[in-house]
Amino acid sequence: MRKLGAVALATLVAGVACSKKDEGKQQAAAPAAQAEAAPIVIGNVMPLSGDIATFGEGANNGVKLAVDEANAAGGVKGHKLSLQVYDTQGKPEEAAIASTRAINEKKATLLIGELGSTSTLALAPIAEANKIPAISPASTNPKVTKDGDKTRAYMFRVCFIDPFQGTVMAKFASQTLKAKRAAIIRDVGNDYSMGLADYFTKTFKELGGQIVLDVSYKAGDQDFKAQLTKVKFAKPDIVYVPGYYTDVALIGRQSRELGVKAPLAGGDGWDSAKLYEIAQGALDGGFFTNHYSVENPSPVVQEFAKKYEAAYHAKPDAFGALGYDAALLAIDAMKRATDLTPTAIRDAIEKTTSLQGVTGTIRLDADHNPVKSAVIIGIEKNAPKYVATVEP
């Protein structure tokens, strides 16, 4: 073994020391680098089973599509997005549990959800208390973003609200269909249904119409013949049924069995392929308000539809488009935020003034509601047909 001189030995020792020092620096830097690259967790709180599962499936697909696109483009500020999905079964108590788990267990920076207004009203106080921004794709009840007269600081949505939706259908019924007499069939246990019925009633009366009957049911009921017999004898020009597709389809079938001739009308809760499967043509001649139509020739809509169909082998319904827009709003805000803390993201969401979404250009008002258009969908040969776009 060759002996080293004093100078060479000193140089070798110094080199080893420097090497170990550099290695130590690299090891110390590794956790910091990993921390910088930690994923941004988004809690996606959706009804993926239960009575409105098709809503959740579409919205979840839309959210995932937007998140996948963002990650493929490099994420946000060097961070990938981690989507944590929770099934609420369409139940308010499950929405509360899911949002709590997303925040406490997964350390979610933002929540997307829920879809049903009643479930979102269970989620909203949890988001507020934890100061975590939440965006609902489809909850239209005004209370979602307002607690009494106070705007909820951390709650937002990308859908229009019930006062606008109810007003649009009342005007369409009165001015386009020339209806003078309307009957209401509402789900008494559903905030969404109750709100839409009230706003339709108010506007229809203001336009000179008469509400000849207002009856109720509860979600999950199977027999509506008692209510529909009263409707038949009231002889309305239109029957407003602002419920969800499972109940509405059965009401449509039983109304035709009893000989009710008036067309049925409703809101965006009708929008599901299951509506036509269950109704079997009984809703032909009916109409409902919605957030978008896949028949819209807009390049933005058609490009989204192409990407959605390529990913999921199905045409996107309104919930797919709204889920995509909700995630788009979140991602856009994260990019504009001063940092990636929930409060900074909340502030950026609130300042959104002209985000181009699939369902329209999103500009949030003082109550965190988007100012955007609605569409009227008609039903012909047991299929949806775009009728008109109505501006706010």
# chains A, B, ... in the order shown; residues from 1 in each chain; ligands from 1
>>> select_by_dssp(residues="stretch 96-179 of chain A", states="strand (DSSP E)", output="list of chain:residue names")
A:Leu110, A:Leu111, A:Ile112, A:Gly113, A:Ala134, A:Ile135, A:Ser136, A:Lys146, A:Asp147, A:Lys150, A:Thr151, A:Met155, A:Phe156, A:Arg157
>>> write_last_selection(atoms="N, CA, C and O atoms", output="tab-separated table (two decimals), in the first residue's frame")
chain	number	residue	atom	x	y	z
A	110	LEU	N	-59.02	22.70	-0.29
A	110	LEU	CA	-60.26	23.19	-0.91
A	110	LEU	C	-61.23	22.03	-1.05
A	110	LEU	O	-60.81	20.89	-1.23
A	111	LEU	N	-62.52	22.33	-0.99
A	111	LEU	CA	-63.56	21.32	-1.20
A	111	LEU	C	-64.35	21.66	-2.46
A	111	LEU	O	-64.60	22.83	-2.75
A	112	ILE	N	-64.73	20.63	-3.21
A	112	ILE	CA	-65.69	20.78	-4.29
A	112	ILE	C	-66.90	19.93	-3.92
A	112	ILE	O	-66.78	18.74	-3.67
A	113	GLY	N	-68.07	20.57	-3.85
A	113	GLY	CA	-69.28	19.83	-3.47
A	113	GLY	C	-70.18	20.67	-2.59
A	113	GLY	O	-69.84	21.81	-2.30
A	134	ALA	N	-64.92	26.32	-0.40
A	134	ALA	CA	-65.70	25.23	-0.98
A	134	ALA	C	-66.48	25.78	-2.17
A	134	ALA	O	-67.05	26.87	-2.09
A	135	ILE	N	-66.51	25.00	-3.23
A	135	ILE	CA	-67.22	25.40	-4.45
A	135	ILE	C	-68.25	24.33	-4.78
A	135	ILE	O	-67.91	23.17	-5.02
A	136	SER	N	-69.52	24.70	-4.80
A	136	SER	CA	-70.56	23.75	-5.21
A	136	SER	C	-70.78	23.86	-6.71
A	136	SER	O	-71.01	24.95	-7.23
A	146	LYS	N	-75.37	32.14	1.51
A	146	LYS	CA	-75.80	33.19	2.45
A	146	LYS	C	-76.38	32.56	3.71
A	146	LYS	O	-77.23	31.68	3.64
A	147	ASP	N	-75.91	33.04	4.86
A	147	ASP	CA	-76.44	32.61	6.15
A	147	ASP	C	-77.25	33.78	6.69
A	147	ASP	O	-76.71	34.73	7.26
A	150	LYS	N	-76.07	37.45	5.79
A	150	LYS	CA	-74.61	37.50	5.71
A	150	LYS	C	-74.09	36.49	4.68
A	150	LYS	O	-74.45	35.32	4.69
A	151	THR	N	-73.23	36.98	3.78
A	151	THR	CA	-72.60	36.09	2.80
A	151	THR	C	-71.60	35.18	3.50
A	151	THR	O	-70.79	35.63	4.30
A	155	MET	N	-67.87	29.99	1.01
A	155	MET	CA	-68.72	29.19	0.11
A	155	MET	C	-68.93	29.91	-1.22
A	155	MET	O	-69.24	31.09	-1.26
A	156	PHE	N	-68.78	29.13	-2.31
A	156	PHE	CA	-68.96	29.65	-3.66
A	156	PHE	C	-69.73	28.62	-4.48
A	156	PHE	O	-69.90	27.48	-4.07
A	157	ARG	N	-70.16	29.03	-5.67
A	157	ARG	CA	-70.79	28.08	-6.59
A	157	ARG	C	-70.57	28.53	-8.03
A	157	ARG	O	-70.25	29.71	-8.28
>>> residues_around(residues="A:Ala273", least_positions_apart="4", cutoff="12 Å", atoms="only C-alpha atoms", output="JSON, numbers by chain")
{"A": [52, 53, 54, 55, 57, 58, 245, 246, 249, 269, 277, 278, 279, 280, 314, 315, 316, 317, 318, 319, 382, 383, 384]}
>>> residues_around(residues="A:Gly208", least_positions_apart="3", cutoff="10 Å", atoms="only C-alpha atoms", output="list in words")
Ser174, Ala179, Lys180, Arg181, Thr203, Phe204 and Lys205 of chain A
>>> write_last_selection(atoms="C-alpha atoms", output="compact mmCIF listing (two decimals), in the first residue's frame")
# COMPACT_ATOMS: atom_id res chain seq x y z
CA SER A 174 -96.42 32.64 -19.28
CA ALA A 179 -100.10 29.46 -19.72
CA LYS A 180 -102.59 31.18 -17.42
CA ARG A 181 -103.16 28.44 -14.84
CA THR A 203 -93.04 35.36 -10.85
CA PHE A 204 -95.96 33.51 -12.45
CA LYS A 205 -98.40 35.50 -10.30
>>> atom_distance(atom1="atom CA of A:Ile185", atom2="atom CA of A:Leu228")
8.7 Å
>>> select_by_dssp(residues="stretch 32-270 of chain A", states="alpha helix (DSSP H)", output="VMD selection string")
chain A and resid 32 to 36 53 to 72 92 to 104 117 to 130 162 to 171 191 to 206 225 to 234 245 to 257
>>> closest_residue(among="A:Ala305, A:Val248, A:Leu322, A:Val144", to="A:Asp187", atoms="only C-alpha atoms")
A:Val248
>>> residues_around(residues="A:Thr201", least_positions_apart="6", cutoff="9 Å", atoms="only C-alpha atoms", output="JSON, numbers by chain")
{"A": [166, 167, 170, 182, 184, 209, 210, 211]}
>>> write_last_selection(atoms="C-alpha atoms", output="CSV table (one decimal), in the first residue's frame")
chain,number,residue,atom,x,y,z
A,166,GLY,CA,-87.7,29.7,-11.2
A,167,THR,CA,-88.2,33.1,-12.8
A,170,ALA,CA,-92.3,31.2,-15.0
A,182,ALA,CA,-100.4,26.5,-13.1
A,184,ILE,CA,-97.3,22.9,-8.4
A,209,GLY,CA,-101.0,33.8,-13.9
A,210,GLN,CA,-103.0,31.9,-11.3
A,211,ILE,CA,-101.7,29.0,-9.1
>>> closest_residue(among="A:Ala183, A:Val188, A:Ala388, A:Val41", to="A:Lys232", atoms="only C-alpha atoms")
A:Ala183
>>> residues_around(residues="A:Glu391", least_positions_apart="5", cutoff="10 Å", atoms="only C-alpha atoms", output="ChimeraX atom specification")
/A:164,168,371-375
>>> atom_distance(atom1="atom CA of A:Tyr244", atom2="atom CA of A:Tyr192")
9.4 Å
>>> decode(residues="stretch 177-193 of chain A", atoms="all heavy atoms", output="CSV table (one decimal), in the first residue's frame")
chain,number,residue,atom,x,y,z
A,177,LEU,N,-95.4,29.8,-23.7
A,177,LEU,CA,-96.4,28.8,-23.7
A,177,LEU,C,-97.8,29.4,-23.5
A,177,LEU,O,-98.8,28.6,-23.7
A,177,LEU,CB,-96.2,27.7,-22.6
A,177,LEU,CG,-94.8,27.0,-22.7
A,177,LEU,CD1,-94.7,25.9,-21.6
A,177,LEU,CD2,-94.6,26.4,-24.1
A,178,LYS,N,-97.9,30.7,-23.1
A,178,LYS,CA,-99.2,31.4,-22.9
A,178,LYS,C,-100.0,30.7,-21.8
A,178,LYS,O,-101.3,30.7,-21.9
A,178,LYS,CB,-100.0,31.4,-24.2
A,178,LYS,CG,-99.2,32.0,-25.4
A,178,LYS,CD,-98.7,33.4,-25.1
A,178,LYS,CE,-98.0,34.0,-26.3
A,178,LYS,NZ,-97.4,35.4,-26.0
A,179,ALA,N,-99.4,30.1,-20.8
A,179,ALA,CA,-100.1,29.5,-19.7
A,179,ALA,C,-100.7,30.5,-18.8
A,179,ALA,O,-100.0,31.5,-18.4
A,179,ALA,CB,-99.1,28.5,-18.9
A,180,LYS,N,-101.9,30.3,-18.4
A,180,LYS,CA,-102.6,31.2,-17.4
A,180,LYS,C,-102.8,30.5,-16.1
A,180,LYS,O,-102.9,31.2,-15.0
A,180,LYS,CB,-104.0,31.6,-18.0
A,180,LYS,CG,-103.9,32.3,-19.3
A,180,LYS,CD,-103.2,33.7,-19.2
A,180,LYS,CE,-103.2,34.4,-20.5
A,180,LYS,NZ,-102.4,35.7,-20.4
A,181,ARG,N,-102.9,29.2,-16.1
A,181,ARG,CA,-103.2,28.4,-14.8
A,181,ARG,C,-102.0,27.4,-14.6
A,181,ARG,O,-101.7,26.6,-15.5
A,181,ARG,CB,-104.5,27.7,-15.0
A,181,ARG,CG,-105.7,28.7,-15.1
A,181,ARG,CD,-106.9,27.9,-15.6
A,181,ARG,NE,-107.3,26.8,-14.8
A,181,ARG,CZ,-108.1,26.9,-13.7
A,181,ARG,NH1,-108.6,28.1,-13.3
A,181,ARG,NH2,-108.4,25.8,-13.0
A,182,ALA,N,-101.5,27.4,-13.4
A,182,ALA,CA,-100.4,26.5,-13.1
A,182,ALA,C,-100.7,25.7,-11.9
A,182,ALA,O,-101.2,26.2,-10.9
A,182,ALA,CB,-99.0,27.2,-13.0
A,183,ALA,N,-100.3,24.4,-11.9
A,183,ALA,CA,-100.3,23.6,-10.6
A,183,ALA,C,-98.9,23.3,-10.2
A,183,ALA,O,-98.0,23.2,-11.1
A,183,ALA,CB,-101.0,22.3,-10.9
A,184,ILE,N,-98.6,23.2,-8.9
A,184,ILE,CA,-97.3,22.9,-8.4
A,184,ILE,C,-97.3,21.6,-7.7
A,184,ILE,O,-98.2,21.3,-6.9
A,184,ILE,CB,-96.9,24.0,-7.4
A,184,ILE,CG1,-97.1,25.4,-7.9
A,184,ILE,CG2,-95.5,23.8,-6.9
A,184,ILE,CD1,-96.1,25.9,-8.9
A,185,ILE,N,-96.3,20.8,-8.0
A,185,ILE,CA,-96.1,19.5,-7.2
A,185,ILE,C,-94.6,19.6,-6.7
A,185,ILE,O,-93.7,19.5,-7.4
A,185,ILE,CB,-96.3,18.3,-8.1
A,185,ILE,CG1,-97.6,18.2,-8.7
A,185,ILE,CG2,-96.1,17.0,-7.2
A,185,ILE,CD1,-97.9,17.0,-9.6
A,186,ARG,N,-94.5,19.8,-5.4
A,186,ARG,CA,-93.1,20.1,-4.8
A,186,ARG,C,-92.7,19.0,-3.8
A,186,ARG,O,-93.6,18.4,-3.1
A,186,ARG,CB,-93.1,21.4,-4.1
A,186,ARG,CG,-94.1,21.6,-3.0
A,186,ARG,CD,-93.8,22.9,-2.3
A,186,ARG,NE,-94.5,24.1,-2.9
A,186,ARG,CZ,-94.1,25.3,-2.7
A,186,ARG,NH1,-93.1,25.6,-1.9
A,186,ARG,NH2,-94.8,26.3,-3.3
A,187,ASP,N,-91.4,18.8,-3.7
A,187,ASP,CA,-90.9,17.9,-2.7
A,187,ASP,C,-90.7,18.6,-1.4
A,187,ASP,O,-89.8,19.5,-1.2
A,187,ASP,CB,-89.5,17.3,-3.2
A,187,ASP,CG,-88.9,16.4,-2.1
A,187,ASP,OD1,-89.4,16.2,-1.0
A,187,ASP,OD2,-87.8,15.8,-2.5
A,188,VAL,N,-91.6,18.4,-0.4
A,188,VAL,CA,-91.6,19.2,0.8
A,188,VAL,C,-90.4,19.0,1.7
A,188,VAL,O,-90.1,19.9,2.5
A,188,VAL,CB,-92.9,18.8,1.6
A,188,VAL,CG1,-92.8,17.5,2.3
A,188,VAL,CG2,-93.2,19.9,2.6
A,189,GLY,N,-89.6,18.0,1.5
A,189,GLY,CA,-88.4,17.7,2.3
A,189,GLY,C,-87.1,18.2,1.6
A,189,GLY,O,-86.0,17.9,2.1
A,190,ASN,N,-87.2,18.9,0.5
A,190,ASN,CA,-86.1,19.3,-0.3
A,190,ASN,C,-86.0,20.8,-0.4
A,190,ASN,O,-86.8,21.4,-1.0
A,190,ASN,CB,-86.2,18.6,-1.7
A,190,ASN,CG,-84.9,18.7,-2.5
A,190,ASN,OD1,-84.4,19.8,-2.6
A,190,ASN,ND2,-84.5,17.7,-3.1
A,191,ASP,N,-84.9,21.4,0.1
A,191,ASP,CA,-84.7,22.8,0.0
A,191,ASP,C,-84.7,23.3,-1.4
A,191,ASP,O,-85.2,24.4,-1.7
A,191,ASP,CB,-83.4,23.3,0.7
A,191,ASP,CG,-83.5,23.1,2.2
A,191,ASP,OD1,-84.4,23.6,2.8
A,191,ASP,OD2,-82.6,22.4,2.7
A,192,TYR,N,-84.1,22.6,-2.3
A,192,TYR,CA,-84.0,22.9,-3.7
A,192,TYR,C,-85.4,23.0,-4.3
A,192,TYR,O,-85.8,24.0,-5.0
A,192,TYR,CB,-83.2,21.8,-4.5
A,192,TYR,CG,-83.4,21.7,-5.9
A,192,TYR,CD1,-82.8,22.6,-6.8
A,192,TYR,CD2,-84.2,20.8,-6.5
A,192,TYR,CE1,-82.9,22.5,-8.2
A,192,TYR,CE2,-84.4,20.7,-7.9
A,192,TYR,CZ,-83.8,21.5,-8.7
A,192,TYR,OH,-83.9,21.5,-10.1
A,193,SER,N,-86.2,22.0,-4.1
A,193,SER,CA,-87.6,21.9,-4.7
A,193,SER,C,-88.5,23.0,-4.1
A,193,SER,O,-89.2,23.7,-4.8
A,193,SER,CB,-88.2,20.5,-4.4
A,193,SER,OG,-89.5,20.4,-5.0
